[in-house]
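Structure data follow from target_28.txt (compact mmCIF, C-alpha atoms):
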# COMPACT_ATOMS: atom_id res chain seq x y z
CA MET A 9 -20.88 -21.49 -6.57
CA HIS A 10 -21.37 -18.15 -8.32
CA ALA A 11 -19.43 -17.42 -11.49
CA HIS A 12 -17.60 -14.52 -9.84
CA GLU A 13 -16.43 -16.72 -6.95
CA LEU A 14 -15.31 -19.42 -9.39
CA LEU A 15 -13.32 -16.92 -11.45
CA SER A 16 -11.76 -15.51 -8.28
CA ARG A 17 -10.63 -18.97 -7.19
CA ILE A 18 -9.17 -19.69 -10.62
CA ALA A 19 -7.37 -16.33 -10.61
CA HIS A 20 -5.73 -17.17 -7.27
CA LEU A 21 -4.51 -20.62 -8.34
CA SER A 22 -0.76 -20.84 -7.81
CA LEU A 23 1.43 -21.42 -10.86
CA GLU A 24 4.53 -21.96 -8.73
CA HIS A 25 3.89 -24.66 -6.16
CA GLY A 26 2.26 -27.98 -5.33
CA ARG A 27 -0.45 -29.12 -7.69
CA ALA A 28 0.61 -26.71 -10.43
CA ARG A 29 4.10 -28.23 -10.68
CA PHE A 30 2.61 -31.75 -10.63
CA ALA A 31 0.11 -30.87 -13.38
CA LEU A 32 2.83 -29.30 -15.53
CA THR A 33 5.03 -32.37 -15.19
CA ALA A 34 2.13 -34.65 -16.05
CA ALA A 35 1.33 -32.54 -19.13
CA VAL A 36 4.93 -32.74 -20.31
CA LEU A 37 5.02 -36.51 -19.93
CA ALA A 38 1.67 -36.98 -21.66
CA GLY A 39 2.70 -34.80 -24.59
CA LEU A 40 6.03 -36.57 -24.94
CA VAL A 41 4.33 -39.97 -24.98
CA VAL A 42 2.15 -38.85 -27.89
CA LEU A 43 5.08 -37.34 -29.79
CA LEU A 44 7.26 -40.39 -29.32
CA ALA A 45 4.45 -42.61 -30.54
CA VAL A 46 4.10 -40.49 -33.69
CA THR A 47 7.86 -40.37 -34.31
CA ARG A 48 8.70 -44.06 -33.98
CA SER A 49 10.00 -44.08 -37.56
CA ASP A 50 11.54 -40.60 -37.38
CA ARG A 51 14.33 -41.05 -34.85
CA PRO A 52 16.82 -38.96 -36.91
CA ARG A 53 14.46 -36.01 -36.75
CA VAL A 54 14.14 -36.38 -32.99
CA VAL A 55 17.93 -36.28 -32.64
CA GLY A 56 18.18 -33.38 -35.06
CA ALA A 57 15.54 -31.37 -33.23
CA ALA A 58 17.33 -31.98 -29.94
CA ALA A 59 20.59 -30.79 -31.49
CA VAL A 60 19.04 -27.66 -33.00
CA ALA A 61 17.51 -26.79 -29.62
CA VAL A 62 20.96 -26.55 -28.02
CA PRO A 63 22.20 -23.38 -29.80
CA VAL A 64 18.72 -21.81 -29.63
CA THR A 65 18.68 -22.34 -25.86
CA ALA A 66 22.18 -20.85 -25.68
CA VAL A 67 20.95 -17.75 -27.53
CA ILE A 68 18.05 -17.42 -25.09
CA GLY A 69 20.56 -17.67 -22.24
CA GLY A 70 22.65 -14.92 -23.83
CA VAL A 71 19.60 -12.67 -24.17
CA VAL A 72 18.71 -13.19 -20.50
CA TRP A 73 22.27 -12.41 -19.46
CA ALA A 74 22.38 -9.27 -21.61
CA ALA A 75 19.04 -8.06 -20.26
CA TYR A 76 20.05 -8.45 -16.63
CA ARG A 77 23.79 -7.93 -16.65
CA PRO A 78 25.91 -7.44 -14.63
CA LEU A 79 23.69 -9.69 -12.54
CA PRO A 80 24.30 -13.43 -12.67
CA ASN A 81 22.08 -15.60 -14.80
CA GLN A 82 18.49 -15.31 -13.58
CA ILE A 83 17.31 -18.71 -14.83
CA PRO A 84 18.62 -21.83 -13.04
CA LEU A 85 20.14 -24.70 -15.02
CA THR A 86 16.96 -26.74 -14.67
CA GLY A 87 15.12 -23.85 -16.28
CA TYR A 88 17.37 -24.07 -19.34
CA ALA A 89 16.67 -27.79 -19.53
CA TRP A 90 12.96 -26.97 -19.77
CA ILE A 91 13.64 -24.30 -22.41
CA TRP A 92 15.69 -26.81 -24.42
CA LEU A 93 12.81 -29.26 -24.24
CA ALA A 94 10.25 -26.64 -25.37
CA VAL A 95 12.41 -25.55 -28.29
CA GLY A 96 13.19 -29.14 -29.23
CA VAL A 97 9.58 -30.30 -29.44
CA LEU A 98 8.58 -27.24 -31.48
CA VAL A 99 11.43 -27.83 -33.94
CA LEU A 100 10.48 -31.49 -34.09
CA ALA A 101 6.83 -30.66 -34.75
CA VAL A 102 7.73 -28.36 -37.63
CA ALA A 103 10.05 -30.98 -39.16
CA LEU A 104 7.41 -33.70 -38.91
CA LEU A 105 4.67 -31.58 -40.42
CA LEU A 106 6.85 -30.52 -43.34
CA ARG A 107 7.71 -34.16 -44.09
CA LYS A 108 4.21 -35.64 -43.91
CA PRO A 109 1.45 -33.04 -43.99
CA GLY A 110 -2.09 -34.07 -43.13
CA VAL A 111 -4.87 -32.48 -41.13
CA ARG A 112 -5.37 -35.26 -38.59
CA ARG A 113 -1.68 -35.93 -38.12
CA ALA A 114 -0.97 -32.20 -37.94
CA GLY A 115 -3.60 -31.79 -35.27
CA VAL A 116 -2.16 -34.55 -33.07
CA ILE A 117 1.44 -33.35 -33.46
CA GLY A 118 0.54 -29.69 -33.04
CA VAL A 119 -1.50 -30.20 -29.89
CA ALA A 120 1.06 -32.53 -28.30
CA ALA A 121 3.96 -30.20 -29.08
CA ALA A 122 2.04 -27.17 -27.83
CA VAL A 123 1.18 -28.94 -24.57
CA VAL A 124 4.80 -29.95 -23.95
CA ALA A 125 6.16 -26.52 -24.84
CA ALA A 126 3.58 -24.66 -22.76
CA ALA A 127 4.08 -26.94 -19.76
CA ALA A 128 7.87 -26.59 -20.04
CA VAL A 129 7.55 -22.80 -20.13
CA GLY A 130 5.26 -23.12 -17.12
CA GLN A 131 8.03 -24.98 -15.28
CA VAL A 132 10.44 -22.14 -16.06
CA ASN A 133 7.89 -19.64 -14.77
CA ALA A 134 7.51 -21.68 -11.58
CA GLU A 135 11.26 -21.34 -11.01
CA VAL A 136 11.53 -17.60 -11.69
CA GLY A 137 8.09 -16.49 -10.47
CA VAL A 138 7.18 -13.98 -13.19
CA PHE A 139 3.53 -15.07 -13.11
CA PRO A 140 2.75 -16.38 -9.61
CA THR A 141 -0.98 -17.03 -10.16
CA ALA A 142 -3.37 -17.83 -12.99
CA GLY A 143 -4.85 -14.37 -12.69
CA SER A 144 -1.46 -12.75 -13.17
CA LEU A 145 -1.39 -14.15 -16.72
CA VAL A 146 -4.03 -11.57 -17.64
CA GLY A 147 -2.75 -8.81 -15.38
CA HIS A 148 -4.73 -9.56 -12.22
CA ARG A 149 -1.97 -9.85 -9.67
CA PRO A 150 -2.79 -10.20 -5.97
CA PRO A 151 -2.06 -7.03 -4.03
CA ALA A 152 1.36 -7.05 -2.40
CA SER A 153 1.45 -7.14 1.37
CA VAL A 154 4.29 -6.79 3.81
CA GLN A 155 4.75 -10.19 5.41
CA PRO A 156 5.96 -10.70 9.00
CA VAL A 157 8.83 -13.18 9.17
CA SER A 158 11.35 -14.40 11.68
CA PHE A 159 14.70 -12.63 11.43
CA GLY A 160 16.32 -16.05 11.28
CA ASP A 161 14.49 -16.72 8.02
CA VAL A 162 16.10 -13.72 6.31
CA SER A 163 19.16 -14.74 4.32
CA GLY A 164 22.48 -13.57 5.72
CA PHE A 165 25.21 -11.71 3.90
CA GLU A 166 25.16 -12.37 0.15
CA ASP A 167 28.30 -12.74 -1.95
CA ALA A 168 26.60 -11.09 -4.92
CA VAL A 169 25.65 -7.47 -4.35
CA GLU A 170 24.92 -4.41 -6.46
CA SER A 171 25.78 -0.87 -5.39
CA GLY A 172 25.84 2.56 -6.94
CA THR A 173 24.92 6.19 -6.41
CA PRO A 174 22.20 6.75 -7.32
CA MET A 175 21.29 3.13 -6.82
CA ASP A 176 18.62 3.10 -9.50
CA SER A 177 21.26 3.84 -12.15
CA ALA A 178 23.18 0.65 -11.29
CA TRP A 179 20.30 -1.63 -10.32
CA THR A 180 18.51 -4.09 -12.56
CA ARG A 181 15.71 -5.84 -10.75
CA PRO A 182 16.34 -9.61 -10.74
CA VAL A 183 13.63 -11.71 -12.34
CA ARG A 184 12.81 -13.51 -9.12
CA THR A 185 12.28 -10.56 -6.82
CA PRO A 186 9.59 -10.70 -4.11
CA GLY A 187 6.56 -8.56 -4.79
CA SER A 188 6.85 -6.92 -1.39
CA GLY A 189 9.17 -6.50 1.54
CA VAL A 190 9.07 -8.20 4.92
CA VAL A 191 8.81 -7.05 8.53
CA THR A 192 10.71 -8.72 11.32
CA GLU A 193 11.60 -8.13 14.97
CA VAL A 194 15.10 -8.24 16.43
CA GLU A 195 16.78 -7.66 19.76
CA ILE A 196 19.39 -4.89 19.48
CA PRO A 197 21.51 -5.06 22.63
CA GLY A 198 22.69 -1.97 24.48
CA THR A 199 26.29 -3.15 24.41
CA GLU A 200 27.87 0.24 25.01
CA SER A 201 24.97 2.12 26.55
CA GLY A 202 23.55 -0.50 28.88
CA PHE A 203 20.12 0.66 27.72
CA ALA A 204 17.44 -2.04 28.03
CA ALA A 205 15.45 -1.60 24.84
CA ARG A 206 12.48 -3.58 23.64
CA PRO A 207 12.81 -5.39 20.29
CA ALA A 208 13.23 -3.25 17.21
CA VAL A 209 11.03 -3.75 14.14
CA LEU A 210 12.70 -3.91 10.72
CA TYR A 211 11.30 -3.39 7.25
CA LEU A 212 13.44 -5.08 4.58
CA PRO A 213 12.50 -4.10 1.01
CA PRO A 214 12.32 -6.51 -1.95
CA ALA A 215 15.76 -5.45 -3.25
CA TYR A 216 17.27 -6.62 0.06
CA LEU A 217 15.64 -10.05 -0.30
CA THR A 218 17.10 -10.88 -3.72
CA SER A 219 20.32 -12.35 -4.95
CA PRO A 220 22.18 -10.30 -5.96
CA ARG A 221 21.24 -7.92 -3.19
CA ALA A 222 21.12 -4.17 -3.51
CA VAL A 223 23.31 -2.34 -1.00
CA LEU A 224 20.65 -0.05 0.44
CA PRO A 225 20.59 3.05 2.65
CA VAL A 226 19.32 3.00 6.23
CA LEU A 227 16.46 4.89 7.82
CA VAL A 228 16.34 4.67 11.62
CA MET A 229 12.90 5.55 12.97
CA ILE A 230 11.55 6.24 16.46
CA ALA A 231 7.95 6.21 17.66
CA GLY A 232 6.18 8.53 20.08
CA GLN A 233 5.80 8.45 23.86
CA PRO A 234 4.02 6.55 25.29
CA GLY A 235 4.50 4.03 22.57
CA ARG A 236 6.39 1.18 21.00
CA PRO A 237 8.18 0.56 17.67
CA GLN A 238 5.13 -1.26 16.25
CA ASP A 239 3.21 2.06 16.32
CA TRP A 240 5.01 3.08 13.14
CA PHE A 241 3.46 0.07 11.40
CA SER A 242 -0.06 0.52 12.76
CA SER A 243 -1.04 4.17 13.02
CA GLY A 244 2.03 5.22 11.01
CA ARG A 245 1.42 2.79 8.09
CA LEU A 246 5.18 2.57 7.56
CA GLY A 247 5.16 -0.90 6.05
CA SER A 248 2.64 -0.17 3.31
CA THR A 249 4.09 3.29 2.63
CA VAL A 250 7.68 2.15 2.15
CA ASP A 251 6.52 -0.95 0.30
CA ALA A 252 4.56 1.22 -2.13
CA TYR A 253 7.71 3.27 -2.69
CA ALA A 254 9.67 0.09 -3.38
CA ALA A 255 7.02 -1.05 -5.87
CA ARG A 256 7.55 2.19 -7.81
CA HIS A 257 11.33 1.76 -7.86
CA ASP A 258 12.02 -1.86 -8.86
CA GLY A 259 12.10 -3.08 -5.26
CA LEU A 260 14.48 -0.35 -4.05
CA ALA A 261 13.74 1.35 -0.72
CA PRO A 262 15.64 2.13 2.47
CA VAL A 263 16.13 -0.59 5.03
CA VAL A 264 14.05 0.80 7.91
CA VAL A 265 14.98 0.02 11.51
CA VAL A 266 12.37 1.20 14.00
CA VAL A 267 14.13 1.20 17.35
CA ASP A 268 12.90 1.47 20.90
CA ALA A 269 14.20 4.70 22.45
CA LEU A 270 11.97 4.43 25.53
CA GLY A 271 12.64 1.11 27.27
CA SER A 272 8.99 0.60 28.18
CA GLN A 273 5.59 1.88 27.14
CA ASP A 274 5.49 4.79 29.59
CA ALA A 275 9.20 5.48 30.16
CA ASN A 276 10.66 8.78 28.94
CA PRO A 277 14.47 8.93 28.84
CA LEU A 278 14.23 11.88 26.40
CA CYS A 279 16.80 10.45 23.94
CA LEU A 280 19.53 11.72 26.26
CA ASP A 281 22.44 10.20 28.15
CA SER A 282 21.35 11.22 31.63
CA ALA A 283 20.17 9.92 34.96
CA LEU A 284 17.17 8.50 33.10
CA GLY A 285 19.34 6.17 31.00
CA ASN A 286 21.72 6.26 28.06
CA ALA A 287 19.15 6.40 25.29
CA ALA A 288 21.28 8.65 23.07
CA THR A 289 24.26 6.31 23.08
CA TYR A 290 21.94 3.40 22.43
CA VAL A 291 20.42 4.92 19.30
CA ALA A 292 23.58 6.64 18.03
CA HIS A 293 26.16 3.93 18.83
CA ASP A 294 24.63 0.56 19.70
CA VAL A 295 22.00 0.59 16.98
CA PRO A 296 24.37 1.56 14.11
CA ALA A 297 26.94 -0.97 15.34
CA TRP A 298 24.34 -3.74 15.27
CA ILE A 299 23.04 -2.68 11.85
CA GLU A 300 26.49 -2.64 10.28
CA THR A 301 27.38 -6.09 11.58
CA SER A 302 23.98 -7.75 11.15
CA LEU A 303 22.55 -6.22 7.97
CA GLN A 304 24.14 -5.93 4.54
CA VAL A 305 23.59 -2.20 4.02
CA SER A 306 25.52 0.91 3.07
CA HIS A 307 28.06 2.11 5.64
CA ASP A 308 28.24 5.57 4.06
CA PRO A 309 26.86 8.14 6.56
CA ALA A 310 25.47 10.10 3.62
CA GLN A 311 23.05 7.21 3.16
CA TRP A 312 21.81 7.14 6.73
CA ALA A 313 18.89 9.12 8.14
CA ILE A 314 16.94 9.30 11.38
CA GLY A 315 13.31 10.21 11.80
CA GLY A 316 10.31 9.96 14.03
CA PHE A 317 7.02 11.42 15.17
CA SER A 318 6.28 13.38 18.35
CA TYR A 319 8.86 12.10 20.88
CA GLY A 320 10.60 10.38 17.97
CA GLY A 321 10.64 13.63 15.98
CA THR A 322 12.27 15.43 18.91
CA CYS A 323 14.79 12.59 19.11
CA SER A 324 15.60 12.92 15.41
CA ILE A 325 16.72 16.56 15.59
CA GLN A 326 18.49 15.93 18.90
CA LEU A 327 20.52 13.06 17.52
CA ALA A 328 21.22 14.76 14.20
CA VAL A 329 22.62 17.81 15.97
CA ASN A 330 24.61 15.86 18.54
CA TYR A 331 25.77 13.09 16.15
CA PRO A 332 25.93 14.76 12.72
CA GLN A 333 28.62 12.34 11.55
CA ILE A 334 26.16 9.45 12.04
CA PHE A 335 22.82 10.97 11.08
CA PRO A 336 23.35 13.82 8.59
CA THR A 337 19.71 13.60 7.48
CA PHE A 338 16.66 13.83 9.72
CA LEU A 339 12.86 13.79 9.49
CA ASP A 340 11.18 15.57 12.40
CA PHE A 341 7.44 14.96 12.32
CA LEU A 342 5.41 16.81 14.96
CA GLY A 343 8.33 17.11 17.40
CA GLN A 344 9.04 19.50 20.29
CA ASP A 345 11.48 22.38 20.59
CA GLU A 346 13.35 20.63 23.42
CA PRO A 347 13.24 17.29 25.25
CA SER A 348 10.77 17.72 28.05
CA LEU A 349 9.10 15.90 30.92
CA GLY A 350 6.49 18.64 31.16
CA ASP A 351 8.41 21.66 32.35
CA HIS A 352 11.97 22.87 31.82
CA ALA A 353 13.11 23.02 35.45
CA GLY A 354 11.71 19.60 36.26
CA THR A 355 13.32 18.13 33.14
CA VAL A 356 16.77 19.51 33.98
CA ALA A 357 16.44 18.32 37.56
CA ALA A 358 15.45 14.77 36.55
CA THR A 359 18.09 14.40 33.86
CA PHE A 360 21.15 16.31 35.05
CA GLY A 361 20.42 17.08 38.69
CA GLY A 362 19.55 20.69 37.88
CA ASP A 363 22.75 21.33 35.89
CA GLU A 364 21.62 23.76 33.17
CA ARG A 365 24.99 23.63 31.40
CA ALA A 366 24.83 19.87 31.03
CA PHE A 367 21.33 20.11 29.61
CA ALA A 368 22.23 22.95 27.23
CA ALA A 369 25.20 20.97 25.94
CA VAL A 370 22.84 18.43 24.36
CA ASN A 371 19.58 20.35 23.94
CA PRO A 372 19.30 20.97 20.17
CA ALA A 373 17.86 24.49 20.49
CA ASP A 374 20.88 25.51 22.60
CA VAL A 375 23.43 23.65 20.46
CA LEU A 376 22.10 25.35 17.32
CA LYS A 377 22.88 28.75 18.88
CA THR A 378 26.57 27.90 19.24
CA ARG A 379 27.44 25.97 16.07
CA GLN A 380 26.79 25.93 12.35
CA PHE A 381 25.73 22.68 10.70
CA PRO A 382 25.88 23.08 6.93
CA GLU A 383 26.31 19.31 6.63
CA LEU A 384 22.86 18.59 8.08
CA THR A 385 19.71 18.32 5.97
CA GLY A 386 16.23 17.74 7.26
CA VAL A 387 12.55 18.45 7.25
CA PHE A 388 10.11 19.66 9.92
CA VAL A 389 6.46 18.75 9.48
CA ALA A 390 3.60 19.95 11.68
CA GLY A 391 -0.13 19.39 11.80
CA ALA A 392 -2.07 22.52 10.87
CA ALA A 393 -4.50 21.86 13.74
CA ASP A 394 -1.78 20.96 16.26
CA ASP A 395 -1.76 24.12 18.36
CA GLU A 396 0.72 22.72 20.90
CA TYR A 397 3.44 21.23 18.72
CA ARG A 398 3.08 23.34 15.56
CA PRO A 399 4.58 26.51 17.15
CA GLN A 400 7.44 24.41 18.55
CA GLN A 401 8.18 23.01 15.11
CA GLN A 402 8.22 26.52 13.71
CA ARG A 403 10.73 27.62 16.37
CA MET A 404 12.99 24.63 15.68
CA PHE A 405 12.84 25.26 11.94
CA ALA A 406 13.88 28.90 12.47
CA ALA A 407 16.74 27.85 14.80
CA ALA A 408 17.95 25.20 12.35
CA ARG A 409 17.90 27.57 9.41
CA ALA A 410 19.84 30.17 11.41
CA ALA A 411 22.48 27.51 12.16
CA GLY A 412 23.03 26.83 8.46
CA LEU A 413 21.07 23.59 8.15
CA ASN A 414 19.47 22.78 4.82
CA VAL A 415 15.91 22.47 6.11
CA ARG A 416 12.29 22.67 5.01
CA TYR A 417 9.09 23.21 6.97
CA TYR A 418 5.49 22.63 6.01
CA GLU A 419 2.15 21.74 7.53
CA LEU A 420 -0.31 18.97 6.77
CA PRO A 421 -4.01 18.88 7.57
CA GLY A 422 -4.74 17.35 10.96
CA GLY A 423 -3.54 17.48 14.51
CA HIS A 424 -1.12 15.51 16.66
CA GLU A 425 -2.28 12.15 15.35
CA GLY A 426 -1.34 9.11 13.31
CA ALA A 427 -3.06 10.36 10.17
CA THR A 428 -0.71 13.35 10.15
CA TRP A 429 2.60 11.62 10.70
CA SER A 430 1.72 8.75 8.38
CA ALA A 431 0.89 11.33 5.69
CA ALA A 432 4.20 13.05 6.43
CA LEU A 433 6.14 9.83 5.83
CA GLU A 434 4.29 9.20 2.60
CA SER A 435 4.97 12.76 1.48
CA GLU A 436 8.68 12.51 2.25
CA MET A 437 9.50 9.11 0.73
CA ASP A 438 10.55 10.47 -2.67
CA TRP A 439 12.73 13.16 -1.08
CA THR A 440 14.26 10.63 1.30
CA GLY A 441 15.05 8.31 -1.59
CA ARG A 442 16.86 11.08 -3.46
CA ARG A 443 18.65 12.29 -0.35
CA LEU A 444 19.90 8.81 0.54
CA GLY A 445 21.13 8.04 -2.96
CA LEU A 446 18.44 5.61 -4.08
CA THR A 447 17.21 7.72 -6.99
CA SER A 448 18.65 10.55 -9.05

What would the structure in this file look like if it were written as structure tokens?
Amino acid sequence: MHAHELLSRIAHLSLEHGRARFALTAAVLAGLVVLLAVTRSDRPRVVGAAAVAVPVTAVIGGVVWAAYRPLPNQIPLTGYAWIWLAVGVLVLAVALLLRKPGVRRAGVIGVAAAVVAAAAVGQVNAEVGVFPTAGSLVGHRPPASVQPVSFGDVSGFEDAVESGTPMDSAWTRPVRTPGSGVVTEVEIPGTESGFAARPAVLYLPPAYLTSPRAVLPVLVMIAGQPGRPQDWFSSGRLGSTVDAYAARHDGLAPVVVVVDALGSQDANPLCLDSALGNAATYVAHDVPAWIETSLQVSHDPAQWAIGGFSYGGTCSIQLAVNYPQIFPTFLDFLGQDEPSLGDHAGTVAATFGGDERAFAAVNPADVLKTRQFPELTGVFVAGAADDEYRPQQQRMFAAARAAGLNVRYYELPGGHEGATWSAALESEMDWTGRRLGLTS
């Protein structure tokens, strides 16, 4: 085995589970056996050291509480027992060495006490997870990755929560916070709409997975057509992008719910309530209702946003304009200037039986001509090489600005492709965090 491979294996050794916990316990017992053998005639000092360790441990507990208040104590009771033991053996070692100095005796007592104290501290670390691997002791932490989990494995509603606006002003990251978020799939029923959606994909950030839990904002996302929610996590790199944001902000990030607004890979209900299905009601009513009853998140509309790419981008401006009280913030990446099946007349015929008034009542470009929306804020992003969708984004930006929306428009290198919309999400994460009240 090469030296590099050996060092890599050592660096990845767990300090939290299995053999590590067994080795730490064995080290504690071995050290205690040696100390007890040395202190057979010094029982009063053993009792005294144990007594002195009590107030010292209490002080340590007070420091932990002060550092992480108003959160509950971050070290379990068993952790304080280990701290008491570490403090006690160190006090005992000092007392013994002061009473009977001697090089050999000092060496035995010092090594035994150091082993017990270090192993006890290791047990505390195993409970709070500050250093998960041997490599992390010297700064070589394994890269965080977004893990897929079953929704049933995610803890339900927590009694202890933290909230605030901005959230980062009220949040103190708990000691035992996961290094990354998780991704899970859920069925969101079309209770009101009757829309038969495929499973949604959720990203839950580290601050959602802790106790206490941060009350986080919500970002509802929609993929393109043809497509599926998972596209946001493959070509869109949503998981790694939002996880990187969370890593920069003590685990804080939006809870992201990527919903199916198609029904099948090739379907195209245009995010409307029409003859093609009630996709609008599904996303604007059924999805929020499920989120608010199934996830412990903010219910403040100011902390909700909708976004998407291509078809999903078109959906985002549609739903923001038609449901501003639900989605006052939108991210339109590479969208169209109206929902379309290819041509205007064919679209109106397929959706509303040729009724232009019914189509205009929900088409965002038409709605923006008749109403002002100063409460809406959003961004339009286009690919500089996207000759088909870029002009449409420019038209929608002009219409939105004329209707009083607080909007921005810019272009990124690339065409109508994953590299462009994934770059758009990465570019907009900081703005989204500020807009949704995560950061100041």

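When only C-alpha atoms are used to compute distances to Val266 of chain A, the closest of the residues A:Asp363, A:Asp351, A:Glu195, A:Glu436 turns out to be A:Glu195.
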
Axis-aligned box for all listed atoms of segment 313-321 of chain A, 4 Å per side, centre and edges in Å to one decimal, as lines of an AutoDock Vina configuration file:
center_x = 12.6
center_y = 11.4
center_z = 14.5
size_x = 20.6
size_y = 12.5
size_z = 20.7

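Closest approach to Tyr290 of chain A among A:Cys323, A:Val329, A:Ala205, A:Leu40: A:Ala205, based on all atoms listed in the file.
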
*asked:* Rounded to one decimal, what separation in Å do you get between atom CA of Leu413 of chain A and atom CA of Gln333 of chain A?
replied: 14.0 Å

*Calculate how many Å separate atom CA of Arg409 of chain A from atom CA of Val387 of chain A, rounding to one decimal.*
10.8 Å
